[in-house]
Amino acid sequence: MGLESQLGDNIFTTTIDKFVNWGRKNSLWPMPFGTACCAIEMMATLTSKFDLSRFGAEAIRFSPRQSDLLIVSGRISIKMMPVLKKIYDQMPDPKWVISMGACASTGGVFDTYTLVQGVDGFIPVDIYIPGCPPRPEDLIDAVMQVQRIVEQESVSPKKRSRAIAS
Amino acid sequence: MSEQHHPLVVQKIQEKYPDAVLDVADARGELTVTVNKDVIYDLMAFLKNDSELTYNFLADVTAVDYSLMEDTLMKYDYARFMLVYHLLSTEKKQRLRVKVPVHENELSIPSMASIWKVANWLERETYDMFGIIFENHPDLRRILMPDDYEGYPLRKDYPLRGRGERETFNFEQQNL
Amino acid sequence: MHKDPDRVSGEPMTLNFGPQHPATHGTLRIVVELDGETVLKATPHLGYLHTGFEKLGEHHDYNQYIVVTDRMNYLSPLSNNFGYVLAVEKLLDIQVPKRCEYIRVILAELSRIADHMVWLGMGALDLGAFTIMLYGFAEREKLYSIFEKTTGARLTTSYTRVGGLMRDIYDGFEEDVRAFLNSFPKTLKEVHTLLTRNRIWMDRTKEVGVVSAEDAIDYGFTGPCLRASGVDWDLRKAEPYSCYEDFEFDVPIGANGDVYDRYLVRMEEMVQSGRIIRQALDNLPDGPVNVEDYKISLPTKEDAYGNIEGLIHHFKIIMDGHGVQPPKGEVYCATESPNGELGFYIVSDGSGKAYRIRIRPPSFIHFQALPHMIEGGMVSDIVAVLGSLNIIAGELDR
Ligand code: SF4
């Protein structure tokens with residue numbers, strides 16, 4: 001590039017979007033909303049064998065104010081859904097949501113009176129992971145998918161086209 | 001080991017409450033005694049404190065809705081619900097099941113919470129799921145379902161998928 | 001517990017703990033009233049994970065329901081599978097082959113270790129010892145791979161069947177299990193070195209959340225929590241089910257009923273489970289793993305795919321209303337799950353589906369005693385006590 005050759009070896013030029021997204025995607029701070037069995041696999045993903053920190057997402061934050069990736073893992077009952085919605089609302093923008101497992105995505109094997117049949121009826125979901133429970137590799141794959149989505153984001157609010165359902 | 005003990009238990013209960021015992025069954029090594037609602041509180045206290053029985057441990061409290069099981073309904077004068085208590089004696093290593101028929105038009109039964117502390121939540125759950133009222137219960141509220149939930153999910157006339165509550169539930173229901 | 005009236009001063013404050021809190025390991029909520037750092041009153045709220053397991057039992061046939069039991073205490077699904085099929089077998093009045101019983105016991109004890117490992121890891125994590133969690137999960141991963149090879153799934157195993165098992169164990173199972181049995185005591189030793197005489201650990205767990213033996217029985221405690229209070233009660237010894245009378249093992253008993261004793265009891269239980277597994281492996285009988293009753297067991301895959309009789313047999317069992325049909329009646333069958341007495345009360349009306357399934361959940365009953373254990377204590381003790389009870393939300397709310 002023309003400009004870089006004039007500025008010397010130690011200076012790069014890039015777009016703001018690319019630069020910000022590069023930072024964001026490699027330092028996702030997940031908020032683990034683990035309720036049931038899937039949460040155990042999520043914990044397994046965080047520990048030594050699978051180690052989510054290899055993908056820059058090990059800074060687990062249990063406070064929604066400090067996180068940008070919501071991982072909904074487990075069954076969500078009608079008593080829990082308002083809590084989940086509140087947590088989603090409390091997270092600062094930009095934020096991404098992974099719905100981990102059959103239960104969070106569709107209700108799974110529990111088509112009963114108390115389970116919400118898919119959290120996507122109430123909060124927007126970026127990535128669904130199938131499985132009951134999904135393997136840790138699947139969760140890692142989902143985090144990488146989120147990274148791919150993050151890459152396409154833009155800092156300019158006009159370009160952000162994410163529909164916030166409510 | 002348990003079979004020898006069963007006749008004694010039955011005999012003691014029958015001696016103490018001769019009119020209250022509706023049925024005694026001894027099947028698969030488990031002793032079941034069905035009694036009248038009027039004596040249940042006294043009977044439980046007796047079972048716990050009697051030195052030969054020592055049923056000191058209340059393992060479980062639940063109910064069964066028999067509305068779809070015709071013969072059991074008939075047997076107990078069309079009592080829709082059956083309260084089921086599982087007792088255990090840690091000293092004698094014995095178990096006992098006590099059942100109490102409860103009619104739908106008088107849906108209440110004395111609470112055991114003053115005899116065993118464990119009964120408190122178990123009875124709350126039974127209330128939550130079946131709508132059976134426990135008299136003198138310290139804190140009879142819904143426990144598993146949201147406070148404003150209508151209907152009693154484990155009754156047989158309640159559909160598995162609910163009556164639409166899972167779409168129309170109240171978002172502001174809890175004082176979060 | 002500190003019941004010092006001088007420490008109580010000023011205005012009480014209400015603090016909401018959960019349902020989303022790192023130390024709740026799931027979804028429970030406690031509203032605590034505090035005066036300074038002293039807990040005046042605690043009100044637990046639950047039901048955030050209520051899934052309708054008991055209702056679902058009335059709509060599934062007996063073998064289908066095994067899948068649901070996996071998802072109850074998801075730290076040790078094999079114990080749930082085990083307890084449930086024992087109840088159905090009691091209802092049917094059938095005796096499974098010895099080999100099947102031994103394999104079930106081995107896997108149930110392995111999942112006891114797996115359960116206690118998570119309990120240990122999470123309990124220690126809550127009190128600030130992060131390393132233990134990594135150790136615990138490293139051991140669990142080894143077990144996961146054994147479970148996966150045996151059952152096809154890491155977590156949701158659904159391995160048992162009414163009247164037997166899904167399939168026999170794989171070749172090399174014994175070596176894998178023995179290798180694990182040789183390696184995990186090392187981890188336990190390291191944990192002992194890190195925690196047992198550790199000043200901070202002892203300060204935070206000794207004399208915290210004390211439950212006396214009488215209270216423990218009054219509150220319906222079972223399992224390690226009851227034994228930590230000094231009551232010698234283990235269903236594996238008291239009412240030996242399956243083939244537990246064949247094995248020699250000790251039941252560790254605590255003395256004070258505090259968090260520290262619950263920790264020690266669970267640590268020792270893992271060692272004893274190892275002993276049981278060793279004996280079971282040594283004496284593992286040969287033979288089939290399923291009962292030879294064509295109304296209960298499925299034909300082998302070779303038969304189902306290879307000849308028409310096998311196929312019809314398979315079809316008949318799987319078809320709605322033709323599978324396992326226990327006679328009319330009711331049973332209550334209790335097993336010693338890692339958390340305590342896990343009881344299944346099944347009422348059958350003679351059809352292929354249960355008329356009513358009731359699960360007696362140990363977590364639900366232990367959680368009830370939480371206010372008793374933390375009121376009068378410090379706010380930081382809540383986490384220690386909660387961790388020591390090992391409340392599994394799936395089992396708590398069902
Ligand atoms: S998807 Fe399966 S493993 Fe995950 S929470 Fe639901 S039942 Fe449990």
# chains A, B, ... in the order shown; residues from 1 in each chain; ligands from 1

call {"tool": "residues_near_ligand", "arguments": {"ligand": "ligand 1", "cutoff": "6 Å", "atoms": "only C-alpha atoms and all ligand atoms", "output": "VMD selection string"}}
result
(chain A and resid 36 to 38 74 to 75 101 to 103 108 132 to 133) or (chain C and resid 71)

call {"tool": "interface_residues", "arguments": {"of": "chain C", "to": "chain A", "cutoff": "6 Å", "atoms": "only C-alpha atoms", "output": "PyMOL selection string"}}
result
chain C and resi 26-27+48-49+51+74+134

call {"tool": "select_by_dssp", "arguments": {"residues": "region 46-265 of chain C", "states": "strand (DSSP E or B)", "output": "NGL selection string"}}
result
:C and (61 or 160-161 or 164-165)

call {"tool": "write_last_selection", "arguments": {"atoms": "N, CA and C atoms", "output": "CSV table (one decimal), in the first residue's frame"}}
result
chain,number,residue,atom,x,y,z
C,61,ASP,N,-43.6,-44.2,27.5
C,61,ASP,CA,-43.6,-45.5,28.0
C,61,ASP,C,-42.3,-45.8,28.8
C,160,THR,N,-29.1,-47.8,30.8
C,160,THR,CA,-29.9,-49.0,31.2
C,160,THR,C,-31.2,-49.1,30.5
C,161,ARG,N,-31.7,-50.3,30.5
C,161,ARG,CA,-33.0,-50.6,29.9
C,161,ARG,C,-33.7,-51.4,30.9
C,164,GLY,N,-32.3,-54.9,31.7
C,164,GLY,CA,-31.0,-55.1,31.2
C,164,GLY,C,-30.3,-53.8,30.9
C,165,LEU,N,-29.4,-53.8,29.9
C,165,LEU,CA,-28.6,-52.7,29.5
C,165,LEU,C,-28.8,-52.5,28.0

call {"tool": "interface_residues", "arguments": {"of": "chain B", "to": "chain C", "cutoff": "7 Å", "atoms": "only C-alpha atoms", "output": "VMD selection string"}}
result
chain B and resid 57 to 60 64 93 116 to 118 121 143 to 145 154 160

call {"tool": "select_by_dssp", "arguments": {"residues": "chain B", "states": "alpha helix (DSSP H)", "output": "MDAnalysis selection string"}}
result
chainID B and resid 6:16 40:49 70:75 119:130 165:168

call {"tool": "write_last_selection", "arguments": {"atoms": "N, CA and C atoms", "output": "CSV table (one decimal), in the first residue's frame"}}
result
chain,number,residue,atom,x,y,z
B,6,HIS,N,-44.0,-56.8,59.2
B,6,HIS,CA,-45.3,-56.2,58.7
B,6,HIS,C,-46.5,-56.5,59.5
B,7,PRO,N,-46.7,-57.8,59.9
B,7,PRO,CA,-47.9,-58.1,60.7
B,7,PRO,C,-48.0,-57.3,62.0
B,8,LEU,N,-46.9,-57.1,62.6
B,8,LEU,CA,-46.8,-56.3,63.8
B,8,LEU,C,-47.3,-54.9,63.6
B,9,VAL,N,-46.8,-54.3,62.5
B,9,VAL,CA,-47.2,-52.9,62.2
B,9,VAL,C,-48.7,-52.8,62.0
B,10,VAL,N,-49.2,-53.7,61.2
B,10,VAL,CA,-50.6,-53.7,60.8
B,10,VAL,C,-51.4,-53.9,62.1
B,11,GLN,N,-51.0,-54.8,62.9
B,11,GLN,CA,-51.7,-55.1,64.2
B,11,GLN,C,-51.7,-53.9,65.1
B,12,LYS,N,-50.6,-53.2,65.2
B,12,LYS,CA,-50.6,-52.0,66.1
B,12,LYS,C,-51.5,-50.9,65.6
B,13,ILE,N,-51.4,-50.7,64.3
B,13,ILE,CA,-52.3,-49.6,63.7
B,13,ILE,C,-53.7,-50.0,63.9
B,14,GLN,N,-54.1,-51.3,63.7
B,14,GLN,CA,-55.5,-51.6,63.8
B,14,GLN,C,-56.0,-51.6,65.2
B,15,GLU,N,-55.1,-51.9,66.1
B,15,GLU,CA,-55.5,-51.8,67.5
B,15,GLU,C,-55.8,-50.4,67.9
B,16,LYS,N,-54.9,-49.5,67.5
B,16,LYS,CA,-55.0,-48.1,67.9
B,16,LYS,C,-56.2,-47.4,67.2
B,40,ILE,N,-55.4,-39.1,60.4
B,40,ILE,CA,-54.0,-39.1,59.8
B,40,ILE,C,-53.0,-38.4,60.6
B,41,TYR,N,-53.4,-37.3,61.2
B,41,TYR,CA,-52.3,-36.5,62.0
B,41,TYR,C,-51.9,-37.3,63.2
B,42,ASP,N,-52.9,-37.9,63.9
B,42,ASP,CA,-52.6,-38.6,65.1
B,42,ASP,C,-51.9,-39.9,64.8
B,43,LEU,N,-52.3,-40.5,63.7
B,43,LEU,CA,-51.6,-41.8,63.3
B,43,LEU,C,-50.1,-41.5,63.0
B,44,MET,N,-49.9,-40.4,62.3
B,44,MET,CA,-48.5,-40.1,61.9
B,44,MET,C,-47.6,-39.9,63.2
B,45,ALA,N,-48.2,-39.1,64.1
B,45,ALA,CA,-47.5,-38.9,65.4
B,45,ALA,C,-47.3,-40.2,66.1
B,46,PHE,N,-48.3,-41.1,66.0
B,46,PHE,CA,-48.1,-42.4,66.7
B,46,PHE,C,-47.0,-43.2,66.1
B,47,LEU,N,-47.1,-43.2,64.7
B,47,LEU,CA,-46.1,-44.0,64.0
B,47,LEU,C,-44.6,-43.5,64.3
B,48,LYS,N,-44.5,-42.2,64.5
B,48,LYS,CA,-43.2,-41.7,64.7
B,48,LYS,C,-42.7,-42.0,66.1
B,49,ASN,N,-43.6,-41.9,67.1
B,49,ASN,CA,-43.2,-41.9,68.5
B,49,ASN,C,-43.3,-43.3,69.1
B,70,GLU,N,-60.7,-46.2,37.3
B,70,GLU,CA,-62.1,-46.5,37.7
B,70,GLU,C,-62.2,-47.3,39.0
B,71,ASP,N,-61.5,-48.4,39.0
B,71,ASP,CA,-61.7,-49.4,40.1
B,71,ASP,C,-61.2,-48.8,41.5
B,72,THR,N,-60.1,-48.1,41.4
B,72,THR,CA,-59.6,-47.5,42.7
B,72,THR,C,-60.6,-46.4,43.1
B,73,LEU,N,-61.1,-45.7,42.2
B,73,LEU,CA,-62.1,-44.6,42.5
B,73,LEU,C,-63.3,-45.2,43.2
B,74,MET,N,-63.8,-46.3,42.7
B,74,MET,CA,-65.0,-47.0,43.3
B,74,MET,C,-64.7,-47.5,44.7
B,75,LYS,N,-63.5,-48.0,44.8
B,75,LYS,CA,-63.1,-48.7,46.1
B,75,LYS,C,-63.2,-47.6,47.2
B,119,ALA,N,-41.7,-32.1,55.9
B,119,ALA,CA,-43.0,-32.1,55.3
B,119,ALA,C,-43.4,-30.7,54.7
B,120,ASN,N,-42.8,-29.7,55.2
B,120,ASN,CA,-43.1,-28.3,54.7
B,120,ASN,C,-43.1,-28.2,53.2
B,121,TRP,N,-42.0,-28.4,52.6
B,121,TRP,CA,-41.9,-28.2,51.2
B,121,TRP,C,-42.5,-29.3,50.4
B,122,LEU,N,-42.5,-30.5,50.9
B,122,LEU,CA,-43.1,-31.6,50.2
B,122,LEU,C,-44.6,-31.3,50.0
B,123,GLU,N,-45.2,-30.8,51.1
B,123,GLU,CA,-46.6,-30.4,51.0
B,123,GLU,C,-46.9,-29.2,50.2
B,124,ARG,N,-45.9,-28.3,50.2
B,124,ARG,CA,-46.1,-27.1,49.3
B,124,ARG,C,-46.1,-27.6,47.8
B,125,GLU,N,-45.2,-28.6,47.6
B,125,GLU,CA,-45.2,-29.0,46.2
B,125,GLU,C,-46.5,-29.8,45.8
B,126,THR,N,-47.0,-30.5,46.7
B,126,THR,CA,-48.2,-31.2,46.5
B,126,THR,C,-49.4,-30.2,46.3
B,127,TYR,N,-49.4,-29.2,47.0
B,127,TYR,CA,-50.4,-28.1,46.8
B,127,TYR,C,-50.2,-27.5,45.5
B,128,ASP,N,-49.0,-27.2,45.1
B,128,ASP,CA,-48.7,-26.6,43.8
B,128,ASP,C,-49.2,-27.4,42.7
B,129,MET,N,-48.9,-28.7,42.8
B,129,MET,CA,-49.2,-29.6,41.6
B,129,MET,C,-50.6,-30.1,41.6
B,130,PHE,N,-51.3,-30.3,42.8
B,130,PHE,CA,-52.6,-30.9,42.8
B,130,PHE,C,-53.7,-30.0,43.4
B,165,GLU,N,-50.1,-21.4,28.7
B,165,GLU,CA,-49.4,-20.6,29.6
B,165,GLU,C,-48.0,-20.3,29.1
B,166,ARG,N,-47.4,-21.2,28.3
B,166,ARG,CA,-46.0,-21.1,28.0
B,166,ARG,C,-45.9,-20.0,26.9
B,167,GLU,N,-47.0,-19.6,26.3
B,167,GLU,CA,-46.8,-18.4,25.4
B,167,GLU,C,-47.3,-17.1,26.0
B,168,THR,N,-48.2,-17.3,27.0
B,168,THR,CA,-48.9,-16.0,27.5
B,168,THR,C,-48.4,-15.7,28.9

call {"tool": "interface_residues", "arguments": {"of": "chain B", "to": "chain A", "cutoff": "7 Å", "atoms": "only C-alpha atoms", "output": "number ranges by chain"}}
result
B: 146, 160-162, 166, 169, 171

call {"tool": "write_last_selection", "arguments": {"atoms": "C-alpha atoms", "output": "PDB file, in the first residue's frame"}}
result
ATOM      1  CA  PRO B 146     -44.930 -18.968  39.205  1.00  0.00           C
ATOM      2  CA  LEU B 160     -49.216 -32.032  29.119  1.00  0.00           C
ATOM      3  CA  ARG B 161     -48.552 -28.985  27.010  1.00  0.00           C
ATOM      4  CA  GLY B 162     -50.464 -26.711  29.312  1.00  0.00           C
ATOM      5  CA  ARG B 166     -46.023 -21.053  27.965  1.00  0.00           C
ATOM      6  CA  PHE B 169     -47.009 -16.071  30.757  1.00  0.00           C
ATOM      7  CA  PHE B 171     -43.216 -11.192  32.080  1.00  0.00           C
TER       8      PHE B 171
END

call {"tool": "residues_around", "arguments": {"residues": "Asp171 (chain C)", "least_positions_apart": "6", "cutoff": "12 Å", "atoms": "only C-alpha atoms", "output": "number ranges by chain"}}
result
C: 146, 149-150, 177

call {"tool": "write_last_selection", "arguments": {"atoms": "all heavy atoms", "output": "PDB file, in the first residue's frame"}}
result
ATOM      1  N   ILE C 146     -14.767 -42.883  29.261  1.00  0.00           N
ATOM      2  CA  ILE C 146     -15.239 -44.251  29.526  1.00  0.00           C
ATOM      3  C   ILE C 146     -16.740 -44.334  29.257  1.00  0.00           C
ATOM      4  O   ILE C 146     -17.233 -45.258  28.601  1.00  0.00           O
ATOM      5  CB  ILE C 146     -14.935 -44.655  30.979  1.00  0.00           C
ATOM      6  CG1 ILE C 146     -13.429 -44.741  31.198  1.00  0.00           C
ATOM      7  CG2 ILE C 146     -15.585 -45.998  31.301  1.00  0.00           C
ATOM      8  CD1 ILE C 146     -13.037 -45.069  32.604  1.00  0.00           C
ATOM      9  N   LYS C 149     -17.471 -44.262  25.528  1.00  0.00           N
ATOM     10  CA  LYS C 149     -17.194 -45.534  24.848  1.00  0.00           C
ATOM     11  C   LYS C 149     -18.246 -46.563  25.203  1.00  0.00           C
ATOM     12  O   LYS C 149     -18.594 -47.417  24.388  1.00  0.00           O
ATOM     13  CB  LYS C 149     -15.820 -46.049  25.275  1.00  0.00           C
ATOM     14  CG  LYS C 149     -14.652 -45.449  24.521  1.00  0.00           C
ATOM     15  CD  LYS C 149     -13.428 -46.139  25.051  1.00  0.00           C
ATOM     16  CE  LYS C 149     -12.155 -45.746  24.421  1.00  0.00           C
ATOM     17  NZ  LYS C 149     -11.018 -46.315  25.204  1.00  0.00           N
ATOM     18  N   THR C 150     -18.742 -46.523  26.440  1.00  0.00           N
ATOM     19  CA  THR C 150     -19.708 -47.537  26.854  1.00  0.00           C
ATOM     20  C   THR C 150     -21.102 -47.244  26.330  1.00  0.00           C
ATOM     21  O   THR C 150     -21.802 -48.124  25.846  1.00  0.00           O
ATOM     22  CB  THR C 150     -19.778 -47.593  28.395  1.00  0.00           C
ATOM     23  OG1 THR C 150     -18.473 -47.495  28.904  1.00  0.00           O
ATOM     24  CG2 THR C 150     -20.421 -48.868  28.864  1.00  0.00           C
ATOM     25  N   VAL C 177     -11.108 -48.724  33.046  1.00  0.00           N
ATOM     26  CA  VAL C 177     -11.575 -48.408  34.395  1.00  0.00           C
ATOM     27  C   VAL C 177     -10.443 -48.587  35.391  1.00  0.00           C
ATOM     28  O   VAL C 177     -10.237 -47.758  36.283  1.00  0.00           O
ATOM     29  CB  VAL C 177     -12.789 -49.279  34.767  1.00  0.00           C
ATOM     30  CG1 VAL C 177     -13.194 -49.032  36.198  1.00  0.00           C
ATOM     31  CG2 VAL C 177     -13.948 -48.974  33.850  1.00  0.00           C
TER      32      VAL C 177
END

call {"tool": "residues_around", "arguments": {"residues": "Val67 (chain C)", "least_positions_apart": "2", "cutoff": "9 Å", "atoms": "only C-alpha atoms", "output": "list in words"}}
result
Val109 of chain A; Asn63, Gln64, Tyr65, Thr69, Asp70, Arg71, Asn81, Thr156, Thr157, Ser158 and Tyr159 of chain C

call {"tool": "write_last_selection", "arguments": {"atoms": "all heavy atoms", "output": "compact mmCIF listing (two decimals), in the first residue's frame"}}
result
# COMPACT_ATOMS: atom_id res chain seq x y z
N VAL A 109 -36.44 -32.28 24.23
CA VAL A 109 -37.32 -33.42 24.51
C VAL A 109 -38.44 -33.06 25.47
O VAL A 109 -39.25 -33.90 25.80
CB VAL A 109 -36.52 -34.62 25.07
CG1 VAL A 109 -35.63 -35.19 24.03
CG2 VAL A 109 -35.75 -34.24 26.31
N ASN C 63 -39.60 -47.47 28.78
CA ASN C 63 -38.23 -47.34 28.31
C ASN C 63 -37.92 -45.92 27.84
O ASN C 63 -36.80 -45.45 27.99
CB ASN C 63 -37.94 -48.34 27.20
CG ASN C 63 -37.43 -49.65 27.77
OD1 ASN C 63 -36.67 -49.65 28.75
ND2 ASN C 63 -37.86 -50.76 27.20
N GLN C 64 -38.91 -45.26 27.29
CA GLN C 64 -38.66 -43.88 26.84
C GLN C 64 -38.29 -42.98 28.01
O GLN C 64 -37.55 -42.02 27.85
CB GLN C 64 -39.92 -43.33 26.17
CG GLN C 64 -40.16 -43.83 24.78
CD GLN C 64 -41.50 -43.37 24.24
OE1 GLN C 64 -42.43 -43.10 24.99
NE2 GLN C 64 -41.59 -43.28 22.94
N TYR C 65 -38.85 -43.28 29.16
CA TYR C 65 -38.65 -42.38 30.28
C TYR C 65 -37.21 -42.37 30.78
O TYR C 65 -36.79 -41.43 31.44
CB TYR C 65 -39.61 -42.76 31.41
CG TYR C 65 -39.76 -41.66 32.43
CD1 TYR C 65 -40.32 -40.44 32.07
CD2 TYR C 65 -39.34 -41.82 33.73
CE1 TYR C 65 -40.44 -39.43 32.99
CE2 TYR C 65 -39.46 -40.81 34.66
CZ TYR C 65 -40.03 -39.61 34.28
OH TYR C 65 -40.14 -38.60 35.18
N THR C 69 -34.83 -39.42 32.70
CA THR C 69 -34.13 -39.49 33.99
C THR C 69 -32.67 -39.03 33.87
O THR C 69 -32.12 -38.55 34.84
CB THR C 69 -34.14 -40.93 34.56
OG1 THR C 69 -33.47 -41.79 33.65
CG2 THR C 69 -35.53 -41.42 34.79
N ASP C 70 -32.08 -39.17 32.69
CA ASP C 70 -30.73 -38.64 32.49
C ASP C 70 -30.63 -37.18 32.88
O ASP C 70 -29.62 -36.72 33.38
CB ASP C 70 -30.40 -38.61 30.99
CG ASP C 70 -29.99 -39.92 30.47
OD1 ASP C 70 -29.64 -40.77 31.26
OD2 ASP C 70 -30.03 -40.07 29.24
N ARG C 71 -31.66 -36.47 32.55
CA ARG C 71 -31.58 -35.02 32.62
C ARG C 71 -31.99 -34.47 33.97
O ARG C 71 -32.24 -33.29 34.11
CB ARG C 71 -32.44 -34.42 31.50
CG ARG C 71 -31.76 -34.59 30.16
CD ARG C 71 -32.71 -34.94 29.06
NE ARG C 71 -32.01 -35.07 27.78
CZ ARG C 71 -31.51 -36.22 27.34
NH1 ARG C 71 -31.59 -37.32 28.05
NH2 ARG C 71 -30.92 -36.26 26.16
N ASN C 81 -30.54 -43.44 35.91
CA ASN C 81 -30.99 -44.54 35.04
C ASN C 81 -31.16 -45.80 35.87
O ASN C 81 -32.16 -46.51 35.79
CB ASN C 81 -29.95 -44.85 33.96
CG ASN C 81 -29.73 -43.73 32.97
OD1 ASN C 81 -28.78 -43.74 32.23
ND2 ASN C 81 -30.62 -42.75 32.95
N THR C 156 -25.54 -37.51 28.62
CA THR C 156 -26.88 -38.06 28.66
C THR C 156 -26.82 -39.50 28.19
O THR C 156 -26.98 -39.79 27.02
CB THR C 156 -27.81 -37.23 27.77
OG1 THR C 156 -27.11 -36.94 26.58
CG2 THR C 156 -28.16 -35.93 28.45
N THR C 157 -26.58 -40.38 29.13
CA THR C 157 -26.14 -41.72 28.78
C THR C 157 -27.28 -42.66 28.38
O THR C 157 -27.11 -43.45 27.46
CB THR C 157 -25.40 -42.34 29.96
OG1 THR C 157 -26.20 -42.12 31.12
CG2 THR C 157 -24.08 -41.67 30.19
N SER C 158 -28.41 -42.62 29.08
CA SER C 158 -29.54 -43.54 28.81
C SER C 158 -29.07 -44.96 28.59
O SER C 158 -29.43 -45.60 27.61
CB SER C 158 -30.32 -43.09 27.56
OG SER C 158 -30.79 -41.81 27.72
N TYR C 159 -28.28 -45.46 29.49
CA TYR C 159 -27.61 -46.73 29.22
C TYR C 159 -28.43 -47.93 29.67
O TYR C 159 -28.41 -48.97 29.03
CB TYR C 159 -26.25 -46.72 29.91
CG TYR C 159 -25.42 -47.94 29.68
CD1 TYR C 159 -25.16 -48.37 28.38
CD2 TYR C 159 -24.88 -48.65 30.73
CE1 TYR C 159 -24.39 -49.49 28.16
CE2 TYR C 159 -24.10 -49.77 30.51
CZ TYR C 159 -23.85 -50.19 29.23
OH TYR C 159 -23.08 -51.29 29.01

call {"tool": "atom_distance", "arguments": {"atom1": "CA of Val85 (chain C)", "atom2": "CA of His86 (chain B)"}}
result
19.6 Å

call {"tool": "atom_distance", "arguments": {"atom1": "CA of Ser111 (chain B)", "atom2": "CA of Val211 (chain C)"}}
result
23.8 Å

call {"tool": "residues_around", "arguments": {"residues": "Lys156 (chain B)", "least_positions_apart": "4", "cutoff": "9 Å", "atoms": "only C-alpha atoms", "output": "JSON, numbers by chain"}}
result
{"B": [65, 66, 67, 68]}

call {"tool": "residues_around", "arguments": {"residues": "region 250-263 of chain C", "least_positions_apart": "6", "cutoff": "9 Å", "atoms": "only C-alpha atoms", "output": "PyMOL selection string"}}
result
chain C and resi 120+196+201-202+204-213+216+224-234+237+269+272+384-385+387-389

call {"tool": "residues_around", "arguments": {"residues": "Phe315 (chain C)", "least_positions_apart": "3", "cutoff": "12 Å", "atoms": "only C-alpha atoms", "output": "JSON, numbers by chain"}}
result
{"C": [294, 295, 297, 298, 299, 303, 304, 305, 308, 309, 310, 311, 312, 318, 319, 320, 321, 322, 323]}

call {"tool": "closest_residue", "arguments": {"among": "B:Val33, B:Met82, B:Asp23, B:Glu150", "to": "Val102 (chain B)", "atoms": "only C-alpha atoms"}}
result
B:Met82
